[in-house]
Each structure stands twice: as structure tokens, then as C-alpha cells.
Amino acid sequence: MSDRYAEVRHDVWLHARQMWEQGLAVGSAGNVSRRADDHHIAITPTSIPYDRMRTEEIVIVDLASGEAVESVAPPSGELPMHRVVYQARPDIGALVHTHAPFITTLSVLRLPLPPIIDEMFLHLGGTIEVSDYAFTGTDAVGENALAALGQRAGVILANHGNLCVGRDLDRALHAAIVMESCARVYVQALQIAPPAPLPLSAEEAGLRMYDERRRR
Ligand code: 13P
């Protein structure tokens with residue numbers, strides 16, 4: 001039987017797999033989604049390890065009702081967070097949620113990730129803030145994430161991990177990769193001394209480039 005969502009499912013599967021290969025997810029932790037069309041999203045299934053996940057198991061969900069359609073597996077337990085974000089932010093086309101070790105370290109300390117390297121302005125849009133805590137799988141995780149996200153490429157979820165956003169999955173995953181690498185540098189630097197802040201000129205130039213890149 002032909003699957004009208006085959007391409008979209010493959011895109012989600014591929015980026016979920018890359019997230020796992022990059023060490024941003026362990027076992028079945030984390031989840032990935034994108035808009036499938038005006039009324040549906042495609043999201044990873046719940047509790048299936050990434051090395052075993054099959055393209056056909058990516059779940060298509062009706063955004064308004066939250067019901068799975070034309071799918072063989074149940075959706076991620078974090079579906080409420082994904083729905084809340086897509087419904088509030090038409091500019092966001094894809095989401096990557098990770099439990100990557102260094103960003104999760106900051107999340108349990110509830111420490112924001114300041115821009116200590118130029119690329120954080122360029123790719124992430126500035127300081128990555130920490131959302132208020134909410135229990136996994138609830139709408140409140142998404143509501144709190146939105147409140148702390150602003151126009152940046154991601155947010156730290158208190159005592160949980162992070163949520164990275166983008167117009168498409170390439171951008172959302174790239175944000176997750178850059179964020180984890182910067183979180184690692186930050187956590188390592190903190191063990192030696194407080195990192196030196198960047199000058200205001202770097203912030204201004206970097207944020208201009210971030211805005212240009214987002215419009216491309
Ligand atoms: P799922 O396997 O249901 O996507 O949940 C994993 C997770 O990351 C919870 O935050």
C-alpha cells in the first residue's frame with residue numbers, strides 16, 4: 001500500500017537516527033518531530049530504541065485532536081509538549097528533544113547556558129534559558145518551554161534535557177549538536193575558573209548573523 005507520508009516519516013527517522021549517532025540520546029530517550037502538512041505532524045514512536053526504530057514506526061498525528069492517523073505505533077510520550085509548541089509557533093517546523101549529557105547536567109543545576117563562544121550567537125541566538133520544571137509528558141512542559149524559548153534556537157528543560165527548534169529538522173538537529181558541544185565546553189571550563197564573557201561587539205555581530213540565517 002502506498003504511504004503518502006513516506007518521505008516525511010523517512011526525514012524524521014533519519015534525523016532521530018543522527019541524534020542518536022551523535023550521542024545526544026541513549027536507548028529510546030529523546031524524541032524528534034516535524035510538520036507533515038498543515039494539519040499533521042510526524043513524530044518518533046514511544047520507547048523504541050533508535051538502533052531498532054523503523055521508518056514505518058514514525059507516527060503521524062492530527063495536530064488539533066492529538067490522535068494518531070495511518071500509523072502502526074503509539075507516539076512519543078512527549079507528544080503534548082510538541083503539540084503545544086507547534087500550535088503556538090507557526091514559524092517552527094521541527095523539534096528535537098534530547099537528554100544529552102552536558103545540557104542535561106546544566107538542566108539539573110538549572111543553570112542557563114551563556115554565550116561563551118561566538119557560534120552560540122550565530123547558531124543559537126544567545127543565552128539558552130532554563131524553563132520552569134514540569135512533569136514529563138504534560139502540556140506544561142511545552143508551555144514552560146515556550147515561555148523561556150523566545151526567538152532562540154532552543155531551551156533547557158529543568159531537570160530533564162533540552163528542546164531545540166528550527167524551520168526544518170536540519171536546523172533543529174544542528175542546534176542540538178551545537179548546544180551540546182557548547183554545554184560541554186561550559187561545564188568543563190567551570191571546573192577550572194569562570195569563563196570570560198564575550199564583548200558586546202561579538203554579541204551584536206553574532207545576533208545580526210543569527211537573524212540573517214533564520215530568514216534564509
Ligand atoms: P518517548 O520514548 O515516549 O519519546 O519518551 C522519551 C523521553 O525523552 C521523555 O522525555
# chains A, B, ... in the order shown; residues from 1 in each chain; ligands from 1
>>> residues_near_ligand(ligand="ligand 1", cutoff="9 Å", atoms="only C-alpha atoms and all ligand atoms", output="compact mmCIF listing (two decimals) with C-alpha atoms, in the first residue's frame")
# COMPACT_ATOMS: atom_id res chain seq x y z
CA ALA A 25 20.20 10.24 23.10
CA GLY A 27 18.29 3.99 24.39
CA SER A 28 14.92 5.43 23.42
CA ALA A 29 15.31 8.75 25.29
CA GLY A 30 14.55 11.97 23.43
CA ASN A 31 12.18 12.48 20.52
CA VAL A 32 12.03 14.18 17.14
CA ILE A 43 6.87 12.21 15.49
CA THR A 44 9.04 9.37 16.74
CA PRO A 45 7.22 6.48 18.46
CA THR A 46 7.45 5.98 22.21
CA SER A 47 10.02 3.69 23.81
CA ILE A 48 11.61 2.22 20.67
CA PRO A 49 15.45 2.30 20.79
CA PRO A 74 1.93 4.88 19.58
CA PRO A 75 3.53 8.36 19.54
CA SER A 76 6.21 9.70 21.89
CA GLY A 77 5.08 10.33 25.46
CA GLU A 78 6.23 13.94 24.92
CA LEU A 79 3.62 14.49 22.21
CA HIS A 97 14.24 16.94 22.26
CA THR A 98 17.40 15.44 23.78
CA HIS A 99 18.70 14.18 27.10
CA THR A 136 7.35 14.76 31.67
CA GLY A 137 4.53 14.14 29.20
CA HIS A 160 15.10 16.94 32.09
CA GLY A 161 17.13 17.90 28.97
>>> select_by_dssp(residues="segment 130-179 of chain A", states="strand (DSSP E)", output="number ranges by chain")
A: 130-131, 154-157, 161-166
>>> closest_residue(among="A:Ala147, A:Val59, A:Val8, A:Val96", to="Asp170 of chain A", atoms="only C-alpha atoms")
A:Val96
>>> residues_around(residues="Val12 of chain A", least_positions_apart="3", cutoff="12 Å", atoms="only C-alpha atoms", output="PyMOL selection string")
chain A and resi 5-9+15-19+31-36+41-45+50+53-60+93-96+168-170+172-173
>>> residues_around(residues="Ala64 of chain A", least_positions_apart="5", cutoff="10 Å", atoms="only C-alpha atoms", output="VMD selection string")
chain A and resid 39 to 40 83 87
>>> write_last_selection(atoms="C-alpha atoms", output="short mmCIF file (atom, residue, chain, number, x, y, z; two decimals), in the first residue's frame")
data_model
loop_
_atom_site.label_atom_id
_atom_site.label_comp_id
_atom_site.auth_asym_id
_atom_site.auth_seq_id
_atom_site.Cartn_x
_atom_site.Cartn_y
_atom_site.Cartn_z
CA HIS A 39 -2.80 19.76 9.99
CA HIS A 40 -0.42 16.93 10.90
CA ARG A 83 1.75 19.88 20.07
CA GLN A 87 0.18 25.23 17.92
#
>>> closest_residue(among="A:Val130, A:Val61, A:Ala176, A:Leu163", to="Gln22 of chain A", atoms="only C-alpha atoms")
A:Ala176
>>> select_by_dssp(residues="segment 10-204 of chain A", states="helix (DSSP H, G or I)", output="number ranges by chain")
A: 10-21, 55-57, 79-88, 101-109, 118-124, 139-149, 169-190, 200-204
>>> residues_around(residues="Gly154 of chain A", least_positions_apart="5", cutoff="12 Å", atoms="only C-alpha atoms", output="mmCIF file with C-alpha atoms, in the first residue's frame")
data_model
loop_
_atom_site.group_PDB
_atom_site.id
_atom_site.type_symbol
_atom_site.label_atom_id
_atom_site.label_comp_id
_atom_site.auth_asym_id
_atom_site.auth_seq_id
_atom_site.Cartn_x
_atom_site.Cartn_y
_atom_site.Cartn_z
ATOM 1 C CA VAL A 85 4.857 24.318 20.631
ATOM 2 C CA ILE A 92 8.643 26.439 13.976
ATOM 3 C CA ALA A 94 10.669 20.882 13.535
ATOM 4 C CA LEU A 95 11.610 19.910 17.096
ATOM 5 C CA VAL A 96 14.446 17.868 18.572
ATOM 6 C CA HIS A 97 14.243 16.942 22.264
ATOM 7 C CA THR A 98 17.396 15.438 23.776
ATOM 8 C CA ILE A 103 22.997 20.011 28.533
ATOM 9 C CA PRO A 112 21.369 28.768 31.747
ATOM 10 C CA LEU A 113 23.982 28.299 29.013
ATOM 11 C CA MET A 120 26.414 30.421 20.236
ATOM 12 C CA HIS A 123 23.589 29.342 15.707
ATOM 13 C CA LEU A 124 21.601 29.554 18.940
ATOM 14 C CA GLY A 125 20.705 33.255 19.202
ATOM 15 C CA GLY A 126 22.172 33.979 22.637
ATOM 16 C CA THR A 127 21.790 32.677 26.187
ATOM 17 C CA ILE A 128 19.851 29.406 26.365
ATOM 18 C CA GLU A 129 17.449 29.830 29.262
ATOM 19 C CA VAL A 130 16.062 27.206 31.666
ATOM 20 C CA SER A 131 12.295 26.672 31.660
ATOM 21 C CA ALA A 145 9.440 25.721 27.306
ATOM 22 C CA LEU A 146 7.661 28.331 25.159
ATOM 23 C CA ALA A 147 7.835 30.899 27.961
ATOM 24 C CA ALA A 148 11.639 30.543 28.169
ATOM 25 C CA LEU A 149 12.386 29.999 24.448
ATOM 26 C CA GLY A 161 17.130 17.895 28.974
ATOM 27 C CA ASN A 162 16.563 20.392 26.182
ATOM 28 C CA LEU A 163 14.245 21.255 23.311
ATOM 29 C CA CYS A 164 15.712 22.575 20.056
ATOM 30 C CA VAL A 165 13.640 24.197 17.342
ATOM 31 C CA GLY A 166 14.041 25.140 13.698
ATOM 32 C CA ARG A 171 18.257 23.284 11.607
ATOM 33 C CA ALA A 172 16.726 21.845 14.801
ATOM 34 C CA LEU A 173 19.244 18.989 14.918
ATOM 35 C CA HIS A 174 22.143 21.326 14.172
ATOM 36 C CA ALA A 175 21.064 23.496 17.119
ATOM 37 C CA ALA A 176 21.026 20.393 19.356
ATOM 38 C CA ILE A 177 24.536 19.391 18.243
ATOM 39 C CA VAL A 178 25.993 22.900 18.704
ATOM 40 C CA MET A 179 24.233 23.298 22.058
ATOM 41 C CA GLU A 180 25.637 20.055 23.429
#
>>> residues_around(residues="Leu207 of chain A", least_positions_apart="5", cutoff="12 Å", atoms="only C-alpha atoms", output="PyMOL selection string")
chain A and resi 115+118-127+151-153+200-202+212-214
>>> write_last_selection(atoms="C-alpha atoms", output="mmCIF file, in the first residue's frame")
data_model
loop_
_atom_site.group_PDB
_atom_site.id
_atom_site.type_symbol
_atom_site.label_atom_id
_atom_site.label_comp_id
_atom_site.auth_asym_id
_atom_site.auth_seq_id
_atom_site.Cartn_x
_atom_site.Cartn_y
_atom_site.Cartn_z
ATOM 1 C CA PRO A 115 27.120 32.618 25.017
ATOM 2 C CA ASP A 118 30.882 33.198 19.057
ATOM 3 C CA GLU A 119 28.965 30.321 17.444
ATOM 4 C CA MET A 120 26.414 30.421 20.236
ATOM 5 C CA PHE A 121 25.214 33.812 18.983
ATOM 6 C CA LEU A 122 25.293 32.712 15.355
ATOM 7 C CA HIS A 123 23.589 29.342 15.707
ATOM 8 C CA LEU A 124 21.601 29.554 18.940
ATOM 9 C CA GLY A 125 20.705 33.255 19.202
ATOM 10 C CA GLY A 126 22.172 33.979 22.637
ATOM 11 C CA THR A 127 21.790 32.677 26.187
ATOM 12 C CA GLN A 151 13.392 33.678 19.376
ATOM 13 C CA ARG A 152 16.358 31.470 20.255
ATOM 14 C CA ALA A 153 17.028 28.012 18.770
ATOM 15 C CA LEU A 200 29.302 43.391 23.326
ATOM 16 C CA SER A 201 30.587 43.793 19.753
ATOM 17 C CA ALA A 202 30.623 39.979 19.347
ATOM 18 C CA GLU A 212 20.064 36.658 8.690
ATOM 19 C CA ARG A 213 20.457 32.870 8.851
ATOM 20 C CA ARG A 214 16.946 32.382 10.202
#
>>> residues_around(residues="Ile117 of chain A", least_positions_apart="6", cutoff="9 Å", atoms="only C-alpha atoms", output="PyMOL selection string")
chain A and resi 182+197-198
>>> write_last_selection(atoms="N, CA and C atoms", output="PDB file, in the first residue's frame")
ATOM      1  N   CYS A 182      28.684  23.176  23.086  1.00  0.00           N
ATOM      2  CA  CYS A 182      28.940  24.375  23.903  1.00  0.00           C
ATOM      3  C   CYS A 182      28.712  24.076  25.386  1.00  0.00           C
ATOM      4  N   PRO A 197      33.524  36.471  29.700  1.00  0.00           N
ATOM      5  CA  PRO A 197      32.399  36.819  28.822  1.00  0.00           C
ATOM      6  C   PRO A 197      32.898  37.382  27.490  1.00  0.00           C
ATOM      7  N   LEU A 198      32.078  37.269  26.443  1.00  0.00           N
ATOM      8  CA  LEU A 198      32.411  37.843  25.138  1.00  0.00           C
ATOM      9  C   LEU A 198      32.089  39.334  25.150  1.00  0.00           C
TER      10      LEU A 198
END
>>> atom_distance(atom1="atom CA of Asp11 of chain A", atom2="atom CA of Gly66 of chain A")
20.6 Å
